[in-house]
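**Q** My structure is in target.tsv, and what it holds is TSV, N, CA and C atoms:
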chain	number	residue	atom	x	y	z
A	1	MET	N	0.60	-25.99	-11.72
A	1	MET	CA	1.82	-25.38	-11.24
A	1	MET	C	1.44	-24.19	-10.35
A	2	PRO	N	2.03	-24.09	-9.17
A	2	PRO	CA	1.72	-22.95	-8.30
A	2	PRO	C	2.21	-21.65	-8.94
A	3	ALA	N	1.50	-20.59	-8.64
A	3	ALA	CA	1.87	-19.29	-9.18
A	3	ALA	C	3.18	-18.83	-8.58
A	4	SER	N	3.88	-17.98	-9.33
A	4	SER	CA	5.10	-17.34	-8.86
A	4	SER	C	4.73	-15.97	-8.31
A	5	LEU	N	5.65	-15.35	-7.59
A	5	LEU	CA	5.39	-14.06	-6.97
A	5	LEU	C	6.31	-13.00	-7.55
A	6	ASP	N	5.73	-11.94	-8.11
A	6	ASP	CA	6.47	-10.80	-8.64
A	6	ASP	C	7.19	-10.09	-7.49
A	7	PRO	N	8.49	-9.77	-7.63
A	7	PRO	CA	9.25	-9.19	-6.51
A	7	PRO	C	8.95	-7.73	-6.21
A	8	ASN	N	8.33	-6.98	-7.11
A	8	ASN	CA	8.10	-5.56	-6.86
A	8	ASN	C	6.75	-5.30	-6.21
A	9	LEU	N	5.67	-5.68	-6.85
A	9	LEU	CA	4.34	-5.43	-6.30
A	9	LEU	C	3.77	-6.62	-5.55
A	10	GLY	N	4.44	-7.75	-5.62
A	10	GLY	CA	3.95	-8.93	-4.92
A	10	GLY	C	2.75	-9.56	-5.61
A	11	LEU	N	2.68	-9.45	-6.93
A	11	LEU	CA	1.57	-10.03	-7.69
A	11	LEU	C	1.85	-11.48	-8.02
A	12	ASN	N	0.81	-12.30	-8.00
A	12	ASN	CA	0.91	-13.70	-8.41
A	12	ASN	C	0.83	-13.79	-9.92
A	13	TYR	N	1.58	-14.74	-10.50
A	13	TYR	CA	1.49	-14.98	-11.93
A	13	TYR	C	1.96	-16.40	-12.22
A	14	GLY	N	1.73	-16.87	-13.43
A	14	GLY	CA	2.27	-18.15	-13.85
A	14	GLY	C	1.37	-19.34	-13.64
A	15	TRP	N	0.07	-19.12	-13.50
A	15	TRP	CA	-0.83	-20.26	-13.36
A	15	TRP	C	-0.87	-21.06	-14.66
A	16	SER	N	-1.08	-22.35	-14.55
A	16	SER	CA	-1.26	-23.19	-15.73
A	16	SER	C	-2.70	-23.03	-16.23
A	17	THR	N	-2.89	-23.20	-17.51
A	17	THR	CA	-4.22	-23.11	-18.09
A	17	THR	C	-5.14	-24.11	-17.41
A	18	GLY	N	-6.29	-23.64	-16.96
A	18	GLY	CA	-7.28	-24.49	-16.32
A	18	GLY	C	-7.00	-24.83	-14.87
A	19	GLU	N	-5.93	-24.27	-14.32
A	19	GLU	CA	-5.57	-24.59	-12.93
A	19	GLU	C	-6.64	-24.07	-11.98
A	20	SER	N	-7.02	-24.90	-11.01
A	20	SER	CA	-7.99	-24.45	-10.02
A	20	SER	C	-7.27	-23.64	-8.94
A	21	GLY	N	-8.02	-22.80	-8.26
A	21	GLY	CA	-7.47	-22.01	-7.17
A	21	GLY	C	-6.86	-20.69	-7.59
A	22	TRP	N	-6.88	-20.36	-8.87
A	22	TRP	CA	-6.27	-19.10	-9.32
A	22	TRP	C	-7.11	-17.89	-8.94
A	23	ALA	N	-8.40	-18.05	-8.72
A	23	ALA	CA	-9.29	-16.91	-8.47
A	23	ALA	C	-8.88	-16.11	-7.23
A	24	ALA	N	-8.51	-16.78	-6.15
A	24	ALA	CA	-8.10	-16.07	-4.93
A	24	ALA	C	-6.84	-15.24	-5.19
A	25	GLY	N	-5.90	-15.81	-5.92
A	25	GLY	CA	-4.67	-15.08	-6.26
A	25	GLY	C	-4.96	-13.89	-7.16
A	26	MET	N	-5.85	-14.08	-8.10
A	26	MET	CA	-6.20	-12.97	-9.00
A	26	MET	C	-6.94	-11.88	-8.25
A	27	ASP	N	-7.84	-12.24	-7.33
A	27	ASP	CA	-8.52	-11.23	-6.52
A	27	ASP	C	-7.50	-10.42	-5.72
A	28	ALA	N	-6.53	-11.10	-5.13
A	28	ALA	CA	-5.48	-10.41	-4.37
A	28	ALA	C	-4.68	-9.48	-5.27
A	29	ASN	N	-4.37	-9.94	-6.49
A	29	ASN	CA	-3.65	-9.09	-7.45
A	29	ASN	C	-4.42	-7.82	-7.76
A	30	LEU	N	-5.70	-7.94	-8.03
A	30	LEU	CA	-6.50	-6.78	-8.40
A	30	LEU	C	-6.61	-5.78	-7.24
A	31	LYS	N	-6.78	-6.28	-6.02
A	31	LYS	CA	-6.83	-5.38	-4.85
A	31	LYS	C	-5.49	-4.67	-4.67
A	32	ARG	N	-4.40	-5.39	-4.84
A	32	ARG	CA	-3.06	-4.80	-4.68
A	32	ARG	C	-2.81	-3.73	-5.74
A	33	LEU	N	-3.16	-4.01	-6.99
A	33	LEU	CA	-3.00	-3.01	-8.05
A	33	LEU	C	-3.83	-1.77	-7.76
A	34	GLY	N	-5.07	-1.95	-7.33
A	34	GLY	CA	-5.93	-0.82	-7.02
A	34	GLY	C	-5.39	0.02	-5.87
A	35	ALA	N	-4.70	-0.64	-4.94
A	35	ALA	CA	-4.17	0.06	-3.78
A	35	ALA	C	-2.88	0.82	-4.07
A	36	LEU	N	-2.05	0.31	-4.97
A	36	LEU	CA	-0.69	0.83	-5.09
A	36	LEU	C	-0.37	1.56	-6.38
A	37	VAL	N	-1.05	1.29	-7.46
A	37	VAL	CA	-0.74	1.97	-8.71
A	37	VAL	C	-1.32	3.39	-8.66
A	38	GLY	N	-0.49	4.38	-8.97
A	38	GLY	CA	-0.92	5.77	-8.84
A	38	GLY	C	-1.11	6.13	-7.38
A	39	LEU	N	-0.15	5.77	-6.54
A	39	LEU	CA	-0.28	5.87	-5.10
A	39	LEU	C	-0.43	7.32	-4.62
A	40	SER	N	-1.54	7.57	-3.96
A	40	SER	CA	-1.84	8.85	-3.33
A	40	SER	C	-2.38	8.53	-1.94
A	41	VAL	N	-1.77	9.13	-0.91
A	41	VAL	CA	-2.21	8.86	0.46
A	41	VAL	C	-2.76	10.13	1.09
A	42	LYS	N	-3.69	9.97	1.99
A	42	LYS	CA	-4.31	11.12	2.65
A	42	LYS	C	-3.36	11.81	3.61
A	43	ASP	N	-2.54	11.01	4.33
A	43	ASP	CA	-1.71	11.57	5.40
A	43	ASP	C	-0.60	10.58	5.71
A	44	ARG	N	0.45	11.05	6.38
A	44	ARG	CA	1.51	10.15	6.80
A	44	ARG	C	2.01	10.45	8.21
A	45	ASP	N	1.26	11.26	8.95
A	45	ASP	CA	1.68	11.52	10.33
A	45	ASP	C	0.58	11.24	11.35
A	46	LEU	N	-0.46	10.55	10.95
A	46	LEU	CA	-1.49	10.12	11.91
A	46	LEU	C	-0.98	8.88	12.63
A	47	VAL	N	-0.94	8.91	13.95
A	47	VAL	CA	-0.47	7.73	14.68
A	47	VAL	C	-1.62	6.81	15.09
A	48	THR	N	-2.84	7.27	14.96
A	48	THR	CA	-4.02	6.48	15.27
A	48	THR	C	-4.87	6.36	14.01
A	49	PRO	N	-5.30	5.16	13.65
A	49	PRO	CA	-6.15	5.04	12.46
A	49	PRO	C	-7.40	5.92	12.60
A	50	PRO	N	-7.86	6.52	11.51
A	50	PRO	CA	-9.06	7.35	11.57
A	50	PRO	C	-10.27	6.55	12.01
A	51	ALA	N	-11.19	7.21	12.69
A	51	ALA	CA	-12.37	6.53	13.25
A	51	ALA	C	-13.34	6.06	12.17
A	52	SER	N	-13.49	6.81	11.10
A	52	SER	CA	-14.47	6.45	10.06
A	52	SER	C	-13.85	6.52	8.67
A	53	PRO	N	-12.89	5.67	8.38
A	53	PRO	CA	-12.28	5.72	7.05
A	53	PRO	C	-13.23	5.20	5.98
A	54	ALA	N	-13.09	5.74	4.79
A	54	ALA	CA	-13.87	5.25	3.65
A	54	ALA	C	-13.07	4.16	2.94
A	55	ASN	N	-13.77	3.23	2.33
A	55	ASN	CA	-13.07	2.24	1.52
A	55	ASN	C	-12.27	2.97	0.45
A	56	GLY	N	-11.03	2.56	0.28
A	56	GLY	CA	-10.13	3.19	-0.68
A	56	GLY	C	-9.19	4.20	-0.04
A	57	ASP	N	-9.44	4.63	1.19
A	57	ASP	CA	-8.54	5.57	1.87
A	57	ASP	C	-7.18	4.89	2.08
A	58	ARG	N	-6.11	5.66	1.86
A	58	ARG	CA	-4.75	5.13	2.01
A	58	ARG	C	-3.93	6.09	2.87
A	59	TYR	N	-3.06	5.52	3.69
A	59	TYR	CA	-2.20	6.28	4.60
A	59	TYR	C	-0.83	5.62	4.65
A	60	ILE	N	0.21	6.42	4.86
A	60	ILE	CA	1.52	5.89	5.21
A	60	ILE	C	1.58	5.91	6.73
A	61	ILE	N	1.95	4.79	7.31
A	61	ILE	CA	1.92	4.67	8.76
A	61	ILE	C	3.24	5.18	9.35
A	62	PRO	N	3.17	6.15	10.27
A	62	PRO	CA	4.38	6.67	10.89
A	62	PRO	C	4.86	5.80	12.05
A	63	GLY	N	6.09	6.04	12.50
A	63	GLY	CA	6.59	5.37	13.69
A	63	GLY	C	5.72	5.74	14.88
A	64	GLY	N	5.57	4.84	15.81
A	64	GLY	CA	4.79	5.10	17.02
A	64	GLY	C	3.30	4.95	16.84
A	65	ALA	N	2.86	4.39	15.70
A	65	ALA	CA	1.43	4.23	15.46
A	65	ALA	C	0.83	3.25	16.46
A	66	THR	N	-0.46	3.42	16.72
A	66	THR	CA	-1.16	2.60	17.71
A	66	THR	C	-2.34	1.87	17.06
A	67	GLY	N	-3.00	1.07	17.86
A	67	GLY	CA	-4.20	0.37	17.39
A	67	GLY	C	-3.86	-0.59	16.25
A	68	ALA	N	-4.72	-0.63	15.26
A	68	ALA	CA	-4.55	-1.54	14.13
A	68	ALA	C	-3.27	-1.27	13.35
A	69	TRP	N	-2.69	-0.07	13.51
A	69	TRP	CA	-1.48	0.29	12.77
A	69	TRP	C	-0.20	0.01	13.55
A	70	ALA	N	-0.29	-0.42	14.78
A	70	ALA	CA	0.91	-0.65	15.61
A	70	ALA	C	1.84	-1.65	14.92
A	71	GLY	N	3.13	-1.31	14.92
A	71	GLY	CA	4.14	-2.20	14.35
A	71	GLY	C	4.20	-2.21	12.83
A	72	LYS	N	3.53	-1.28	12.17
A	72	LYS	CA	3.47	-1.26	10.71
A	72	LYS	C	4.17	-0.03	10.12
A	73	THR	N	5.17	0.50	10.81
A	73	THR	CA	5.87	1.72	10.39
A	73	THR	C	6.28	1.67	8.93
A	74	ASP	N	6.01	2.77	8.22
A	74	ASP	CA	6.34	2.98	6.80
A	74	ASP	C	5.47	2.20	5.83
A	75	GLN	N	4.63	1.30	6.32
A	75	GLN	CA	3.77	0.55	5.42
A	75	GLN	C	2.62	1.43	4.92
A	76	ILE	N	2.01	1.01	3.86
A	76	ILE	CA	0.85	1.70	3.30
A	76	ILE	C	-0.39	0.96	3.79
A	77	ALA	N	-1.23	1.66	4.51
A	77	ALA	CA	-2.49	1.10	4.99
A	77	ALA	C	-3.59	1.49	4.02
A	78	VAL	N	-4.35	0.52	3.57
A	78	VAL	CA	-5.43	0.75	2.61
A	78	VAL	C	-6.71	0.16	3.20
A	79	ARG	N	-7.76	0.94	3.18
A	79	ARG	CA	-9.06	0.46	3.67
A	79	ARG	C	-9.77	-0.21	2.51
A	80	ILE	N	-10.01	-1.52	2.64
A	80	ILE	CA	-10.68	-2.29	1.60
A	80	ILE	C	-11.74	-3.16	2.26
A	81	ALA	N	-12.96	-3.03	1.77
A	81	ALA	CA	-14.09	-3.84	2.27
A	81	ALA	C	-14.21	-3.77	3.79
A	82	GLY	N	-14.01	-2.55	4.36
A	82	GLY	CA	-14.20	-2.33	5.78
A	82	GLY	C	-13.07	-2.80	6.67
A	83	ALA	N	-11.93	-3.17	6.09
A	83	ALA	CA	-10.79	-3.63	6.89
A	83	ALA	C	-9.50	-3.00	6.36
A	84	TRP	N	-8.49	-2.92	7.22
A	84	TRP	CA	-7.18	-2.40	6.81
A	84	TRP	C	-6.37	-3.51	6.18
A	85	GLU	N	-5.76	-3.21	5.04
A	85	GLU	CA	-4.77	-4.09	4.42
A	85	GLU	C	-3.48	-3.30	4.38
A	86	TYR	N	-2.34	-4.00	4.45
A	86	TYR	CA	-1.04	-3.34	4.57
A	86	TYR	C	-0.12	-3.80	3.45
A	87	HIS	N	0.67	-2.85	2.97
A	87	HIS	CA	1.62	-3.13	1.90
A	87	HIS	C	2.96	-2.55	2.28
A	88	VAL	N	3.98	-3.40	2.23
A	88	VAL	CA	5.34	-2.97	2.55
A	88	VAL	C	5.93	-2.34	1.29
A	89	PRO	N	6.37	-1.07	1.36
A	89	PRO	CA	6.91	-0.42	0.16
A	89	PRO	C	8.27	-0.97	-0.24
A	90	LYS	N	8.59	-0.80	-1.49
A	90	LYS	CA	9.90	-1.15	-2.04
A	90	LYS	C	10.64	0.15	-2.36
A	91	VAL	N	11.96	0.10	-2.35
A	91	VAL	CA	12.77	1.27	-2.67
A	91	VAL	C	12.38	1.78	-4.06
A	92	GLY	N	12.13	3.08	-4.15
A	92	GLY	CA	11.76	3.71	-5.41
A	92	GLY	C	10.27	4.00	-5.56
A	93	TRP	N	9.43	3.41	-4.71
A	93	TRP	CA	8.01	3.71	-4.80
A	93	TRP	C	7.79	5.18	-4.46
A	94	MET	N	6.86	5.80	-5.15
A	94	MET	CA	6.52	7.20	-4.90
A	94	MET	C	5.07	7.31	-4.47
A	95	ALA	N	4.81	8.32	-3.64
A	95	ALA	CA	3.44	8.55	-3.18
A	95	ALA	C	3.19	10.05	-3.12
A	96	TYR	N	2.01	10.45	-3.59
A	96	TYR	CA	1.56	11.82	-3.41
A	96	TYR	C	0.92	11.91	-2.03
A	97	ILE	N	1.41	12.86	-1.22
A	97	ILE	CA	0.87	13.04	0.13
A	97	ILE	C	-0.14	14.18	0.06
A	98	GLU	N	-1.42	13.86	0.11
A	98	GLU	CA	-2.48	14.83	-0.15
A	98	GLU	C	-2.47	16.01	0.81
A	99	ASP	N	-2.33	15.76	2.13
A	99	ASP	CA	-2.43	16.88	3.07
A	99	ASP	C	-1.19	17.78	3.06
A	100	GLU	N	-0.11	17.34	2.41
A	100	GLU	CA	1.11	18.14	2.30
A	100	GLU	C	1.30	18.74	0.91
A	101	ASP	N	0.51	18.28	-0.05
A	101	ASP	CA	0.68	18.64	-1.45
A	101	ASP	C	2.14	18.42	-1.84
A	102	ALA	N	2.65	17.21	-1.53
A	102	ALA	CA	4.05	16.87	-1.76
A	102	ALA	C	4.17	15.45	-2.30
A	103	LEU	N	5.30	15.19	-2.93
A	103	LEU	CA	5.61	13.87	-3.45
A	103	LEU	C	6.76	13.29	-2.63
A	104	ALA	N	6.59	12.08	-2.11
A	104	ALA	CA	7.61	11.42	-1.31
A	104	ALA	C	8.05	10.14	-2.01
A	105	VAL	N	9.30	9.76	-1.77
A	105	VAL	CA	9.89	8.56	-2.36
A	105	VAL	C	10.35	7.66	-1.23
A	106	TYR	N	10.14	6.35	-1.40
A	106	TYR	CA	10.61	5.41	-0.40
A	106	TYR	C	12.06	5.06	-0.71
A	107	LYS	N	12.94	5.27	0.28
A	107	LYS	CA	14.37	5.02	0.15
A	107	LYS	C	14.77	3.96	1.18
A	108	PRO	N	16.00	3.45	1.11
A	108	PRO	CA	16.42	2.45	2.11
A	108	PRO	C	16.25	2.94	3.55
A	109	SER	N	16.30	4.25	3.75
A	109	SER	CA	16.15	4.82	5.09
A	109	SER	C	14.71	5.15	5.44
A	110	GLY	N	13.76	4.89	4.55
A	110	GLY	CA	12.34	5.20	4.79
A	110	GLY	C	11.84	6.24	3.79
A	111	TRP	N	10.68	6.79	4.08
A	111	TRP	CA	10.06	7.77	3.18
A	111	TRP	C	10.81	9.09	3.23
A	112	SER	N	11.02	9.73	2.07
A	112	SER	CA	11.70	11.02	2.01
A	112	SER	C	10.83	12.10	2.61
A	113	ALA	N	11.44	13.24	2.89
A	113	ALA	CA	10.74	14.37	3.49
A	113	ALA	C	9.60	14.86	2.60
A	114	GLY	N	9.71	14.72	1.33
A	114	GLY	CA	8.66	15.15	0.41
A	114	GLY	C	9.02	16.43	-0.29
A	115	LEU	N	8.75	16.46	-1.57
A	115	LEU	CA	8.99	17.64	-2.38
A	115	LEU	C	7.68	18.29	-2.72
A	116	PRO	N	7.52	19.59	-2.41
A	116	PRO	CA	6.26	20.26	-2.77
A	116	PRO	C	6.07	20.23	-4.29
A	117	ILE	N	4.83	20.10	-4.70
A	117	ILE	CA	4.56	20.11	-6.13
A	117	ILE	C	3.54	21.17	-6.47
Could you spell out this file's structure in structure tokens?
**A**
Amino acid sequence: MPASLDPNLGLNYGWSTGESGWAAGMDANLKRLGALVGLSVKDRDLVTPPASPANGDRYIIPGGATGAWAGKTDQIAVRIAGAWEYHVPKVGWMAYIEDEDALAVYKPSGWSAGLPI
């Protein structure tokens, strides 16, 4: 039976016992959990991806972004295995913005201004 997709984090689940092909879905699940649980991002106003990001670096992409981030407004960019992966936020997700020392919430209108903490 093909796996189902969780509507919040986009995780695969529901494989049948012994089903082949589950490993790729599970690898994707683990990368997604590592990227989004306890979400903390370095910045949210960089319009150009950093030149030398470290694996694990996360950013919220602002409007007007260029390069690899073009067209990904409000998404979370995560550097994994030397490449950018993108995650579309859901309403209610929260992120700590490191360079602002603030907490932001994703709303239907986009990311909130951020509350200092």
**Q** Pick out the closest residue to Leu39 in chain A from this set: A:Leu11, A:Ile60, A:Ala54, A:Leu5. Count only C-alpha atoms.
**A**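 Going through A:Leu11, A:Ile60, A:Ala54, A:Leu5 one by one, the smallest distance to Leu39 in chain A is for A:Ile60.
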**Q** Could you give me, as a PyMOL selection string, the residues within 6 Å of Tyr86 in chain A, counting all atoms listed in the file and dropping anything in the same chain fewer than 4 positions from it?
**A** chain A and resi 76-78
**Q** So the first atom is CA of Ala70 in chain A and the second is CA of Leu46 in chain A; what is the distance between them in Å, to one decimal place?
**A**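 Between these atoms lies a distance of 11.6 Å.
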**Q** Record the distance separating CA of Gly34 in chain A and CA of Glu98 in chain A, expressed in Å with one decimal.
**A** 17.4 Å
**Q** Could you tell me how far atom N of Ala65 in chain A lies from atom C of Met94 in chain A, in Å and to one decimal?
**A**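 Value for the atom N of Ala65 in chain A-atom C of Met94 in chain A distance: 20.5 Å.
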**Q** Could you add whatever atoms are missing so that range 2-20 of chain A carries N, CA, C and O atoms, then write the result as a compact mmCIF listing (two decimals), keeping the file's coordinate frame?
**A**
# COMPACT_ATOMS: atom_id res chain seq x y z
N PRO A 2 2.03 -24.09 -9.17
CA PRO A 2 1.72 -22.95 -8.30
C PRO A 2 2.21 -21.65 -8.94
O PRO A 2 3.19 -21.63 -9.68
N ALA A 3 1.50 -20.59 -8.64
CA ALA A 3 1.87 -19.29 -9.18
C ALA A 3 3.18 -18.83 -8.58
O ALA A 3 3.56 -19.20 -7.47
N SER A 4 3.88 -17.98 -9.33
CA SER A 4 5.10 -17.34 -8.86
C SER A 4 4.73 -15.97 -8.31
O SER A 4 3.63 -15.47 -8.55
N LEU A 5 5.65 -15.35 -7.59
CA LEU A 5 5.39 -14.06 -6.97
C LEU A 5 6.31 -13.00 -7.55
O LEU A 5 7.54 -13.14 -7.51
N ASP A 6 5.73 -11.94 -8.11
CA ASP A 6 6.47 -10.80 -8.64
C ASP A 6 7.19 -10.09 -7.49
O ASP A 6 6.58 -9.83 -6.45
N PRO A 7 8.49 -9.77 -7.63
CA PRO A 7 9.25 -9.19 -6.51
C PRO A 7 8.95 -7.73 -6.21
O PRO A 7 9.28 -7.25 -5.13
N ASN A 8 8.33 -6.98 -7.11
CA ASN A 8 8.10 -5.56 -6.86
C ASN A 8 6.75 -5.30 -6.21
O ASN A 8 6.67 -4.76 -5.12
N LEU A 9 5.67 -5.68 -6.85
CA LEU A 9 4.34 -5.43 -6.30
C LEU A 9 3.77 -6.62 -5.55
O LEU A 9 2.73 -6.52 -4.92
N GLY A 10 4.44 -7.75 -5.62
CA GLY A 10 3.95 -8.93 -4.92
C GLY A 10 2.75 -9.56 -5.61
O GLY A 10 1.89 -10.15 -4.95
N LEU A 11 2.68 -9.45 -6.93
CA LEU A 11 1.57 -10.03 -7.69
C LEU A 11 1.85 -11.48 -8.02
O LEU A 11 2.99 -11.86 -8.31
N ASN A 12 0.81 -12.30 -8.00
CA ASN A 12 0.91 -13.70 -8.41
C ASN A 12 0.83 -13.79 -9.92
O ASN A 12 0.08 -13.05 -10.55
N TYR A 13 1.58 -14.74 -10.50
CA TYR A 13 1.49 -14.98 -11.93
C TYR A 13 1.96 -16.40 -12.22
O TYR A 13 2.50 -17.07 -11.33
N GLY A 14 1.73 -16.87 -13.43
CA GLY A 14 2.27 -18.15 -13.85
C GLY A 14 1.37 -19.34 -13.64
O GLY A 14 1.85 -20.47 -13.60
N TRP A 15 0.07 -19.12 -13.50
CA TRP A 15 -0.83 -20.26 -13.36
C TRP A 15 -0.87 -21.06 -14.66
O TRP A 15 -0.77 -20.50 -15.76
N SER A 16 -1.08 -22.35 -14.55
CA SER A 16 -1.26 -23.19 -15.73
C SER A 16 -2.70 -23.03 -16.23
O SER A 16 -3.62 -22.79 -15.44
N THR A 17 -2.89 -23.20 -17.51
CA THR A 17 -4.22 -23.11 -18.09
C THR A 17 -5.14 -24.11 -17.41
O THR A 17 -4.80 -25.29 -17.25
N GLY A 18 -6.29 -23.64 -16.96
CA GLY A 18 -7.28 -24.49 -16.32
C GLY A 18 -7.00 -24.83 -14.87
O GLY A 18 -7.73 -25.60 -14.26
N GLU A 19 -5.93 -24.27 -14.32
CA GLU A 19 -5.57 -24.59 -12.93
C GLU A 19 -6.64 -24.07 -11.98
O GLU A 19 -7.11 -22.94 -12.09
N SER A 20 -7.02 -24.90 -11.01
CA SER A 20 -7.99 -24.45 -10.02
C SER A 20 -7.27 -23.64 -8.94
O SER A 20 -6.07 -23.77 -8.75
